[in-house]
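Have a look at the structure below, then the notes.
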Amino acid sequence: MTRAIITVVGKDTVGIIAKVCTYLADSQINILDISQTIVQEYFNMMMIVDMSRCNTAFDQVATELTAIGDKMGVQVKCQLEDIFDKMHRI
């Protein structure tokens, strides 16, 4: 299984979850776990996804998710789980 971590941060607006999840579904990327919170007007979401059925290169997925975020005015980051774990090791 190829797992990745997707984070979305920014001012809350209508359709953030819908747009990100639609892209993932269209790309055959399965959501394994998801957490989202809104603190006042600020949106924060973290997803763990399975990319093993996705036929698109990881770098392209990350770039396209960033572009989706840019259009909505939020920051979307996609990292492979291994890299995320190494960056956030205590």
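Scheme for the structure tokens: letters A, B, ... for chains in order shown; per-chain residue numbers from 1; ligand numbers from 1 in order shown.
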At a cut-off of 10 Å, using only C-alpha atoms, what residues contact Arg53 of chain A? Leave out same-chain residues fewer than 5 positions from it and give the result as a VMD selection string. chain A and resid 1 to 2 27 to 30
Quick one: residues within 10 Å of Glu64 of chain A, only C-alpha atoms, excluding same-chain residues fewer than 4 positions away - as a list in words?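 The filter keeps Tyr23, Phe58, Asp59, Gln60, Ile68, Gly69, Asp70, Val76 and Cys78 of chain A.
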Could you turn the residues from that selection into a file that holds C-alpha atoms, as a PDB file, in the first residue's frame?
ATOM      1  CA  TYR A  23     -10.261  14.983  -6.977  1.00  0.00           C
ATOM      2  CA  PHE A  58       2.745  11.142  -7.016  1.00  0.00           C
ATOM      3  CA  ASP A  59       4.431  14.440  -7.987  1.00  0.00           C
ATOM      4  CA  GLN A  60       1.591  15.237 -10.377  1.00  0.00           C
ATOM      5  CA  ILE A  68      -6.876  23.085  -6.231  1.00  0.00           C
ATOM      6  CA  GLY A  69      -5.939  24.703  -2.924  1.00  0.00           C
ATOM      7  CA  ASP A  70      -4.620  27.823  -4.645  1.00  0.00           C
ATOM      8  CA  VAL A  76      -2.949  21.881   0.329  1.00  0.00           C
ATOM      9  CA  CYS A  78       0.569  16.069  -0.078  1.00  0.00           C
TER      10      CYS A  78
END
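Interatomic distance, atom CA of Leu80 of chain A to atom CA of Gly15 of chain A: 24.7 Å.
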Write down as a PyMOL selection string the residues of chain A whose backbone DSSP state falls under helix (DSSP H, G or I). chain A and resi 16-26+58-72+81-87
Those selected residues, please, written with C-alpha atoms and delivered as a tab-separated table (two decimals), in the first residue's frame.
chain	number	residue	atom	x	y	z
A	16	ILE	CA	-13.11	22.64	0.47
A	17	ILE	CA	-13.81	19.04	1.46
A	18	ALA	CA	-15.95	18.43	-1.62
A	19	LYS	CA	-13.32	19.65	-4.08
A	20	VAL	CA	-10.43	17.76	-2.48
A	21	CYS	CA	-12.46	14.55	-2.09
A	22	THR	CA	-13.82	14.74	-5.65
A	23	TYR	CA	-10.26	14.98	-6.98
A	24	LEU	CA	-9.21	12.00	-4.85
A	25	ALA	CA	-12.16	9.88	-5.98
A	26	ASP	CA	-11.56	10.75	-9.65
A	58	PHE	CA	2.75	11.14	-7.02
A	59	ASP	CA	4.43	14.44	-7.99
A	60	GLN	CA	1.59	15.24	-10.38
A	61	VAL	CA	-1.04	14.47	-7.71
A	62	ALA	CA	0.77	16.75	-5.24
A	63	THR	CA	0.98	19.54	-7.85
A	64	GLU	CA	-2.69	19.22	-8.83
A	65	LEU	CA	-3.81	19.26	-5.17
A	66	THR	CA	-1.71	22.39	-4.58
A	67	ALA	CA	-3.43	24.02	-7.58
A	68	ILE	CA	-6.88	23.09	-6.23
A	69	GLY	CA	-5.94	24.70	-2.92
A	70	ASP	CA	-4.62	27.82	-4.65
A	71	LYS	CA	-7.96	28.28	-6.45
A	72	MET	CA	-9.80	28.09	-3.10
A	81	GLU	CA	3.79	8.84	4.61
A	82	ASP	CA	7.45	7.79	4.95
A	83	ILE	CA	8.68	11.34	4.36
A	84	PHE	CA	5.99	12.82	6.63
A	85	ASP	CA	7.01	10.42	9.43
A	86	LYS	CA	10.69	11.30	9.09
A	87	MET	CA	9.98	15.04	9.08
If we count only C-alpha atoms, what is near Ile34 of chain A at a cut-off of 9 Å, once residues fewer than 4 positions away on the same chain are taken out, given as a PDB file with N, CA, C and O atoms, in the first residue's frame?
ATOM      1  N   MET A  45      -7.543  20.377   7.963  1.00  0.00           N
ATOM      2  CA  MET A  45      -7.906  18.991   7.668  1.00  0.00           C
ATOM      3  C   MET A  45      -6.643  18.178   7.431  1.00  0.00           C
ATOM      4  O   MET A  45      -5.690  18.653   6.813  1.00  0.00           O
ATOM      5  N   MET A  46      -6.658  16.953   7.932  1.00  0.00           N
ATOM      6  CA  MET A  46      -5.559  16.015   7.691  1.00  0.00           C
ATOM      7  C   MET A  46      -6.173  14.696   7.248  1.00  0.00           C
ATOM      8  O   MET A  46      -7.142  14.216   7.850  1.00  0.00           O
ATOM      9  N   MET A  47      -5.625  14.142   6.182  1.00  0.00           N
ATOM     10  CA  MET A  47      -6.125  12.881   5.642  1.00  0.00           C
ATOM     11  C   MET A  47      -4.971  11.904   5.468  1.00  0.00           C
ATOM     12  O   MET A  47      -3.869  12.310   5.082  1.00  0.00           O
ATOM     13  N   ILE A  48      -5.246  10.649   5.718  1.00  0.00           N
ATOM     14  CA  ILE A  48      -4.320   9.576   5.349  1.00  0.00           C
ATOM     15  C   ILE A  48      -5.005   8.852   4.195  1.00  0.00           C
ATOM     16  O   ILE A  48      -6.170   8.453   4.301  1.00  0.00           O
ATOM     17  N   VAL A  49      -4.294   8.725   3.077  1.00  0.00           N
ATOM     18  CA  VAL A  49      -4.889   8.144   1.874  1.00  0.00           C
ATOM     19  C   VAL A  49      -4.039   6.995   1.337  1.00  0.00           C
ATOM     20  O   VAL A  49      -2.834   6.926   1.579  1.00  0.00           O
TER      21      VAL A  49
END
All strand (DSSP E) residues (DSSP, backbone) inside chain A, as an MDAnalysis selection string: chainID A and resid 3:11 30:39 42:50 74:80
Selected residues, N, CA, C and O atoms, written as a short mmCIF file (atom, residue, chain, number, x, y, z; two decimals), in the first residue's frame, please.
data_model
loop_
_atom_site.label_atom_id
_atom_site.label_comp_id
_atom_site.auth_asym_id
_atom_site.auth_seq_id
_atom_site.Cartn_x
_atom_site.Cartn_y
_atom_site.Cartn_z
N ARG A 3 0.87 4.90 0.98
CA ARG A 3 0.08 5.85 1.77
C ARG A 3 0.70 7.23 1.71
O ARG A 3 1.91 7.39 1.64
N ALA A 4 -0.19 8.23 1.76
CA ALA A 4 0.25 9.62 1.75
C ALA A 4 -0.56 10.39 2.78
O ALA A 4 -1.64 9.98 3.19
N ILE A 5 -0.01 11.54 3.20
CA ILE A 5 -0.67 12.44 4.12
C ILE A 5 -1.01 13.72 3.35
O ILE A 5 -0.14 14.32 2.71
N ILE A 6 -2.27 14.11 3.42
CA ILE A 6 -2.72 15.34 2.77
C ILE A 6 -3.20 16.28 3.87
O ILE A 6 -3.99 15.88 4.73
N THR A 7 -2.68 17.50 3.87
CA THR A 7 -3.13 18.51 4.83
C THR A 7 -3.70 19.70 4.07
O THR A 7 -3.23 20.06 3.00
N VAL A 8 -4.74 20.27 4.66
CA VAL A 8 -5.39 21.46 4.09
C VAL A 8 -5.55 22.47 5.22
O VAL A 8 -6.12 22.14 6.26
N VAL A 9 -5.04 23.68 5.01
CA VAL A 9 -5.11 24.73 6.03
C VAL A 9 -5.45 26.05 5.36
O VAL A 9 -4.92 26.38 4.30
N GLY A 10 -6.34 26.81 5.99
CA GLY A 10 -6.66 28.14 5.49
C GLY A 10 -7.99 28.62 6.00
O GLY A 10 -8.64 27.98 6.83
N LYS A 11 -8.42 29.77 5.49
CA LYS A 11 -9.72 30.32 5.86
C LYS A 11 -10.81 29.41 5.33
O LYS A 11 -10.75 28.94 4.20
N ASN A 30 -7.98 6.36 -2.26
CA ASN A 30 -8.91 6.02 -1.20
C ASN A 30 -8.55 6.72 0.11
O ASN A 30 -7.40 6.69 0.53
N ILE A 31 -9.54 7.33 0.75
CA ILE A 31 -9.34 7.98 2.04
C ILE A 31 -9.42 6.91 3.13
O ILE A 31 -10.45 6.24 3.27
N LEU A 32 -8.34 6.75 3.89
CA LEU A 32 -8.29 5.77 4.97
C LEU A 32 -8.71 6.38 6.29
O LEU A 32 -9.33 5.74 7.13
N ASP A 33 -8.34 7.63 6.51
CA ASP A 33 -8.67 8.33 7.76
C ASP A 33 -8.72 9.82 7.47
O ASP A 33 -7.98 10.31 6.62
N ILE A 34 -9.60 10.51 8.16
CA ILE A 34 -9.74 11.95 7.92
C ILE A 34 -10.12 12.64 9.23
O ILE A 34 -10.91 12.11 10.02
N SER A 35 -9.53 13.79 9.45
CA SER A 35 -9.85 14.61 10.61
C SER A 35 -9.91 16.05 10.14
O SER A 35 -9.04 16.50 9.40
N GLN A 36 -10.95 16.77 10.56
CA GLN A 36 -11.04 18.17 10.19
C GLN A 36 -11.63 18.96 11.33
O GLN A 36 -12.48 18.47 12.07
N THR A 37 -11.12 20.16 11.48
CA THR A 37 -11.64 21.07 12.50
C THR A 37 -11.74 22.47 11.90
O THR A 37 -11.04 22.81 10.95
N ILE A 38 -12.62 23.23 12.49
CA ILE A 38 -12.73 24.65 12.15
C ILE A 38 -12.65 25.40 13.47
O ILE A 38 -13.44 25.15 14.39
N VAL A 39 -11.67 26.27 13.58
CA VAL A 39 -11.50 27.11 14.75
C VAL A 39 -11.79 28.54 14.30
O VAL A 39 -11.03 29.10 13.50
N TYR A 42 -11.06 29.48 10.64
CA TYR A 42 -9.90 28.78 10.07
C TYR A 42 -10.13 27.28 9.98
O TYR A 42 -10.52 26.64 10.96
N PHE A 43 -9.89 26.74 8.80
CA PHE A 43 -10.13 25.34 8.47
C PHE A 43 -8.82 24.56 8.52
O PHE A 43 -7.79 25.03 8.03
N ASN A 44 -8.85 23.37 9.10
CA ASN A 44 -7.68 22.50 9.15
C ASN A 44 -8.15 21.06 8.92
O ASN A 44 -9.06 20.59 9.61
N MET A 45 -7.54 20.38 7.96
CA MET A 45 -7.91 18.99 7.67
C MET A 45 -6.64 18.18 7.43
O MET A 45 -5.69 18.65 6.81
N MET A 46 -6.66 16.95 7.93
CA MET A 46 -5.56 16.01 7.69
C MET A 46 -6.17 14.70 7.25
O MET A 46 -7.14 14.22 7.85
N MET A 47 -5.62 14.14 6.18
CA MET A 47 -6.13 12.88 5.64
C MET A 47 -4.97 11.90 5.47
O MET A 47 -3.87 12.31 5.08
N ILE A 48 -5.25 10.65 5.72
CA ILE A 48 -4.32 9.58 5.35
C ILE A 48 -5.00 8.85 4.20
O ILE A 48 -6.17 8.45 4.30
N VAL A 49 -4.29 8.72 3.08
CA VAL A 49 -4.89 8.14 1.87
C VAL A 49 -4.04 6.99 1.34
O VAL A 49 -2.83 6.93 1.58
N ASP A 50 -4.71 6.11 0.62
CA ASP A 50 -4.06 4.99 -0.06
C ASP A 50 -4.00 5.32 -1.55
O ASP A 50 -5.04 5.47 -2.19
N VAL A 74 -6.62 28.21 -0.04
CA VAL A 74 -6.10 27.43 1.08
C VAL A 74 -4.82 26.73 0.65
O VAL A 74 -4.53 26.61 -0.53
N GLN A 75 -4.08 26.26 1.63
CA GLN A 75 -2.83 25.56 1.34
C GLN A 75 -3.08 24.05 1.44
O GLN A 75 -3.53 23.56 2.48
N VAL A 76 -2.81 23.33 0.35
CA VAL A 76 -2.95 21.88 0.33
C VAL A 76 -1.57 21.29 0.10
O VAL A 76 -0.88 21.65 -0.86
N LYS A 77 -1.16 20.38 1.00
CA LYS A 77 0.12 19.70 0.86
C LYS A 77 -0.12 18.21 0.84
O LYS A 77 -0.97 17.70 1.57
N CYS A 78 0.65 17.52 0.02
CA CYS A 78 0.57 16.07 -0.08
C CYS A 78 1.98 15.52 0.04
O CYS A 78 2.87 15.92 -0.73
N GLN A 79 2.18 14.63 1.03
CA GLN A 79 3.50 14.03 1.25
C GLN A 79 3.34 12.53 1.41
O GLN A 79 2.36 12.07 2.00
N LEU A 80 4.31 11.79 0.91
CA LEU A 80 4.31 10.35 1.17
C LEU A 80 4.45 10.12 2.67
O LEU A 80 5.13 10.88 3.37
#
